[in-house]
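Okay, work-v5.txt is below, compact mmCIF, C-alpha atoms:
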# COMPACT_ATOMS: atom_id res chain seq x y z
CA MET W 619 -21.75 -14.68 36.54
CA LEU W 620 -18.12 -15.07 35.61
CA LYS W 621 -15.59 -15.15 38.36
CA ASP W 622 -13.02 -12.32 38.26
CA PHE W 623 -9.39 -13.33 37.58
CA PRO W 624 -7.02 -12.47 40.40
CA SER W 625 -5.32 -9.14 39.78
CA ILE W 626 -1.55 -8.99 39.17
CA LYS W 627 0.27 -6.92 41.70
CA GLU W 628 2.20 -3.96 40.31
CA ALA W 629 5.43 -5.16 41.94
CA ASP W 630 5.08 -8.62 40.37
CA LEU W 631 4.47 -7.02 36.97
CA LYS W 632 7.61 -4.94 37.26
CA ILE W 633 9.67 -8.02 38.18
CA TYR W 634 8.18 -9.95 35.25
CA LEU W 635 8.92 -7.17 32.76
CA LEU W 636 12.45 -6.76 34.13
CA SER W 637 13.13 -10.51 33.78
CA LEU W 638 11.78 -10.49 30.23
CA THR W 639 13.97 -7.53 29.30
CA VAL W 640 17.09 -9.19 30.75
CA THR W 641 16.32 -12.44 28.86
CA ILE W 642 15.91 -10.54 25.57
CA LEU W 643 19.21 -8.71 26.12
CA ILE W 644 21.07 -11.97 26.87
CA VAL W 645 19.71 -13.67 23.75
CA ALA W 646 20.49 -10.62 21.63
CA ALA W 647 24.02 -10.45 23.04
CA PHE W 648 24.55 -14.16 22.29
CA PHE W 649 23.60 -13.87 18.63
CA ALA W 650 25.45 -10.58 18.26
CA GLY W 651 28.56 -12.28 19.63
CA ARG W 652 28.27 -15.17 17.17
CA PHE W 653 27.76 -12.77 14.25
CA SER W 654 30.70 -10.64 15.39
CA SER W 655 32.97 -13.70 15.72
CA SER W 656 31.95 -14.92 12.27
CA LEU W 657 32.52 -11.47 10.79
CA VAL W 658 35.94 -11.16 12.42
CA ARG W 659 36.92 -14.69 11.31
CA ASN W 660 35.84 -14.00 7.70
CA THR W 661 37.63 -10.67 7.74
CA VAL W 662 40.83 -12.29 9.03
CA GLU W 663 40.59 -15.01 6.37
CA ASN W 664 40.04 -12.43 3.62
CA VAL W 665 42.97 -10.37 4.85
CA SER W 666 45.10 -13.54 4.95
CA ASP W 667 44.09 -14.44 1.38
CA THR W 668 44.81 -10.89 0.23
CA ARG W 669 48.20 -10.91 1.92
CA GLN W 670 48.98 -14.31 0.37
CA THR W 671 48.01 -13.03 -3.10
CA ASP W 672 50.02 -9.84 -2.57
CA SER W 673 52.96 -11.93 -1.34
CA THR W 674 52.82 -14.16 -4.43
CA ALA W 675 52.64 -11.15 -6.75
CA THR W 676 55.54 -9.49 -4.93
CA ALA W 677 57.60 -12.68 -5.19
CA MET W 678 56.88 -12.88 -8.91
CA ARG W 679 57.90 -9.26 -9.45
CA SER W 680 61.08 -9.84 -7.45
CA ALA W 681 61.91 -12.96 -9.47
CA ILE W 682 61.41 -11.10 -12.75
CA ALA W 683 63.48 -8.18 -11.49
CA VAL W 684 66.44 -10.53 -10.93
CA HIS W 685 66.60 -11.11 -14.68
CA THR W 686 66.57 -8.11 -16.98
CA ILE W 687 64.52 -8.76 -20.11
CA PRO W 688 66.88 -8.67 -23.10
CA ALA W 689 66.55 -6.45 -26.16
CA TYR W 690 64.20 -7.76 -28.85
CA THR W 691 66.02 -8.83 -32.02
CA GLY W 692 62.95 -8.73 -34.26
CA HIS W 693 63.65 -12.29 -35.45
CA THR W 694 61.08 -15.10 -35.52
CA TYR W 695 61.96 -18.80 -35.53
CA HIS W 696 60.11 -22.07 -35.27
CA ALA W 697 60.67 -24.41 -32.35
CA LEU W 698 62.20 -26.92 -34.79
CA ASP W 699 64.92 -24.38 -35.58
CA LEU W 700 66.20 -24.80 -32.03
CA LEU W 701 67.07 -28.39 -32.93
CA ILE W 702 68.44 -27.68 -36.40
CA LYS W 703 70.52 -24.53 -35.99
CA ARG W 704 73.71 -25.21 -34.03
CA PRO W 705 74.87 -22.93 -32.60
CA PHE W 706 71.56 -21.13 -32.40
CA PRO W 707 71.69 -17.45 -33.43
CA ASP W 708 70.66 -14.49 -31.26
CA GLN W 709 71.97 -15.96 -28.02
CA GLY W 710 71.07 -13.66 -25.14
CA GLY W 711 68.58 -11.65 -27.22
CA LEU W 712 64.80 -11.80 -27.27
CA ILE W 713 63.31 -13.70 -30.21
CA SER W 714 59.82 -14.79 -31.23
CA LEU W 715 59.33 -18.55 -31.24
CA ASP W 716 56.43 -20.13 -33.14
CA VAL W 717 55.26 -23.14 -31.14
CA ALA W 718 51.79 -23.51 -32.67
CA ALA W 719 52.58 -24.30 -36.30
CA GLN W 720 53.51 -27.92 -36.97
CA PRO W 721 56.15 -28.57 -39.65
CA SER W 722 55.54 -31.14 -42.34
CA VAL W 723 58.77 -32.95 -43.10
CA GLY W 724 59.64 -35.07 -46.12
CA TYR W 725 62.68 -36.01 -48.20
CA GLY W 726 64.93 -34.67 -45.44
CA MET W 727 63.53 -31.14 -45.60
CA ILE W 728 60.75 -29.01 -44.16
CA LEU W 729 57.94 -28.85 -46.72
CA ALA W 730 55.50 -26.56 -44.90
CA TYR W 731 54.37 -25.19 -41.54
CA ASN W 732 50.71 -25.81 -40.78
CA THR W 733 48.62 -24.06 -38.14
CA TRP W 734 45.29 -25.83 -37.69
CA PRO W 735 42.09 -24.10 -36.52
CA GLY W 736 39.58 -24.99 -33.82
CA ARG W 737 39.98 -28.23 -31.87
CA ILE W 738 42.07 -29.99 -34.51
CA PRO W 739 45.40 -29.35 -32.73
CA GLU W 740 44.20 -30.94 -29.49
CA GLU W 741 42.50 -33.91 -31.14
CA ALA W 742 45.18 -34.64 -33.75
CA ASN W 743 48.29 -33.68 -31.78
CA ALA W 744 48.93 -30.96 -34.35
CA ARG W 745 50.87 -28.43 -32.28
CA GLY W 746 54.47 -27.51 -32.90
CA VAL W 747 55.41 -28.45 -29.35
CA ARG W 748 53.90 -30.74 -26.72
CA PHE W 749 54.57 -30.51 -22.99
CA SER W 750 56.44 -33.55 -21.71
CA GLN W 751 57.44 -33.08 -18.07
CA MET W 752 58.46 -30.59 -15.40
CA LEU W 753 61.95 -30.75 -13.88
CA GLY W 754 62.05 -28.91 -10.57
CA ASP W 755 60.15 -25.63 -10.34
CA THR W 756 61.53 -23.82 -13.35
CA ILE W 757 62.44 -26.19 -16.22
CA CYS W 758 59.73 -27.44 -18.60
CA ILE W 759 60.58 -30.09 -21.17
CA PHE W 760 58.69 -29.90 -24.47
CA ASP W 761 58.70 -32.31 -27.39
CA VAL W 762 59.03 -30.60 -30.78
CA ILE W 763 56.41 -32.24 -32.99
CA GLN W 764 56.69 -32.70 -36.74
CA ALA W 765 54.33 -34.37 -39.21
CA VAL W 766 55.86 -37.20 -41.23
CA THR W 767 54.13 -39.17 -43.99
CA GLU W 768 54.24 -42.92 -43.43
CA ASP W 769 52.36 -45.39 -45.67
CA GLY W 770 50.27 -42.57 -47.06
CA LYS W 771 49.28 -41.32 -43.61
CA VAL W 772 50.45 -38.19 -41.82
CA VAL W 773 51.89 -39.19 -38.45
CA PRO W 774 52.92 -36.64 -35.77
CA GLN W 775 56.17 -37.60 -34.12
CA SER W 776 58.79 -36.03 -31.90
CA ALA W 777 61.79 -34.49 -33.62
CA GLY W 778 63.54 -33.92 -30.29
CA GLN W 779 63.11 -31.94 -27.10
CA ILE W 780 63.80 -28.43 -25.84
CA ALA W 781 64.17 -27.07 -22.30
CA VAL W 782 62.10 -24.00 -21.43
CA GLU W 783 62.99 -22.06 -18.30
CA ILE W 784 60.19 -20.17 -16.54
CA ILE W 785 60.13 -17.79 -13.60
CA GLY W 786 59.53 -19.78 -10.40
CA GLY W 787 55.80 -20.03 -9.76
CA SER W 788 54.82 -19.28 -13.36
CA HIS W 789 52.43 -21.48 -15.30
CA ILE W 790 53.62 -23.87 -18.01
CA PRO W 791 53.42 -21.85 -21.27
CA ASP W 792 50.55 -22.61 -23.63
CA SER W 793 51.48 -24.10 -26.99
CA ASP W 794 48.86 -22.37 -29.14
CA GLY W 795 50.65 -19.18 -30.10
CA ILE W 796 54.02 -17.43 -30.27
CA TRP W 797 56.43 -17.02 -27.39
CA ASP W 798 59.01 -14.32 -26.80
CA VAL W 799 62.02 -16.20 -25.46
CA GLU W 800 65.73 -15.76 -24.79
CA PRO W 801 67.97 -18.48 -26.27
CA GLU W 802 70.40 -19.71 -23.60
CA GLY W 803 72.45 -22.33 -25.39
CA ILE W 804 72.48 -25.98 -24.34
CA GLU W 805 71.23 -27.28 -20.99
CA GLU W 806 72.14 -30.60 -19.42
CA VAL W 807 69.05 -32.03 -17.77
CA THR W 808 68.27 -35.28 -16.02
CA THR W 809 64.77 -36.53 -16.77
CA ASN W 810 62.43 -38.18 -14.29
CA ASN W 811 63.60 -41.62 -15.40
CA GLY W 812 67.27 -40.70 -14.86
CA THR W 813 68.23 -40.07 -18.50
CA VAL W 814 70.79 -37.29 -19.01
CA LEU W 815 70.03 -35.06 -22.03
CA HIS W 816 71.67 -32.03 -23.59
CA LEU W 817 68.82 -29.87 -24.85
CA PRO W 818 68.53 -26.47 -26.54
CA LYS W 819 67.35 -24.11 -23.81
CA VAL W 820 65.33 -20.90 -23.91
CA ARG W 821 63.95 -18.70 -21.15
CA PHE W 822 60.25 -17.90 -21.58
CA TRP W 823 59.47 -14.23 -21.01
CA ARG W 824 55.98 -13.52 -22.40
CA TYR W 825 53.46 -14.29 -25.09
CA HIS W 826 54.10 -12.30 -28.25
CA ASN W 827 52.15 -9.06 -28.78
CA ILE W 828 50.58 -9.13 -25.32
CA ARG W 829 49.48 -5.64 -24.30
In C-alpha cells, how does this file's structure come out?
Amino acid sequence: MLKDFPSIKEADLKIYLLSLTVTILIVAAFFAGRFSSSLVRNTVENVSDTRQTDSTATAMRSAIAVHTIPAYTGHTYHALDLLIKRPFPDQGGLISLDVAAQPSVGYGMILAYNTWPGRIPEEANARGVRFSQMLGDTICIFDVIQAVTEDGKVVPQSAGQIAVEIIGGSHIPDSDGIWDVEPEGIEEVTTNNGTVLHLPKVRFWRYHNIR
C-alpha cells in the first residue's frame, strides 16, 4: 500500500502562490522596462535624425533663397565656349551648358561634338568636363576635355579649367547631361598645390529640364 504524501496546508499554498505572482510581476516589469527604454531611445534617435534632415533641408532652402535664380536666356553653350568666348555673353543670366558632349578639335577649330552612349564616357574619358578638385565648400574645379588626334589616335586632353560655384552642402554636379548655370565672369582661385588661376566661373543652379 502506497504511503500518502503529506498534505499542503492552505496557508502555505497561499504564500507560495503569492510569491510566484510577485516573481512573475517583477520579471514582467523588468522586460517591459527594457523594451520601453529601447523604444524611447529609438524614438529619440529617429526624431533626432528627422530634425537633422529637416535642418539640412531648411539650410539648403535658406541658402538658395539668398540668391535669386536669374531669368533664362534660352541660349545653350558648350563648356569649351567658356574658355573661348571672352568676355562670355549672357553674364548674370541663366544659360544651358552642355558638359556631356566632348569636342573633337583639329586644325585649330572644333570639328564636331560627340556624345557617347553607355559606359564609353567613363571608360574612355569621353565627357566634356571632368571633375578635378574641390576648393572650400562651394567651388568645384572642372577640366574641360577635348579630343585631339595625335599619331592617328584620338587622345582626350584638357583644354583648360572652369570654376563652378554650388550652394553650400550641394553635391558636385554630374557631368553626363546639361546644366543650367549663371555665368559670373572670371574667378581667381588658389588650387590645392598653391597655384593661382583665373578661371571662367559659373554658378550651378539645376540640371536642365528637371521637373
Problem set entry | Selection: 8 Å around range 766-773 of chain W, all atoms listed in the file, excl. self and same-chain fewer than 4 positions, as a list of chain:residue names |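 The filter keeps W:Ser722, W:Val723, W:Gly724.
Across the model, the gap from CA of Arg821 in chain W to CA of Phe706 in chain W is 13.8 Å.
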Exercise. Using only C-alpha atoms, which residue out of W:Leu753, W:Met727, W:Ala689, W:Leu701 lies closest to Ile804 in chain W?
Worked result: W:Leu701
Exercise. Between CA of Arg824 in chain W and CA of Tyr690 in chain W, what is the spacing in Å?
Worked result: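 Here the two named atoms are 11.9 Å from each other.
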For this session: Skip Ile790 in chain W itself and residues of its chain fewer than 6 positions away, then list as a PyMOL selection string all residues within 10 Å of it, counting only C-alpha atoms.
Result: chain W and resi 749+751-752+756-759+782-784+822
Exercise. To one decimal place, how far is CA of Ser776 in chain W from CA of Ala697 in chain W in Å?
Worked result: 11.8 Å
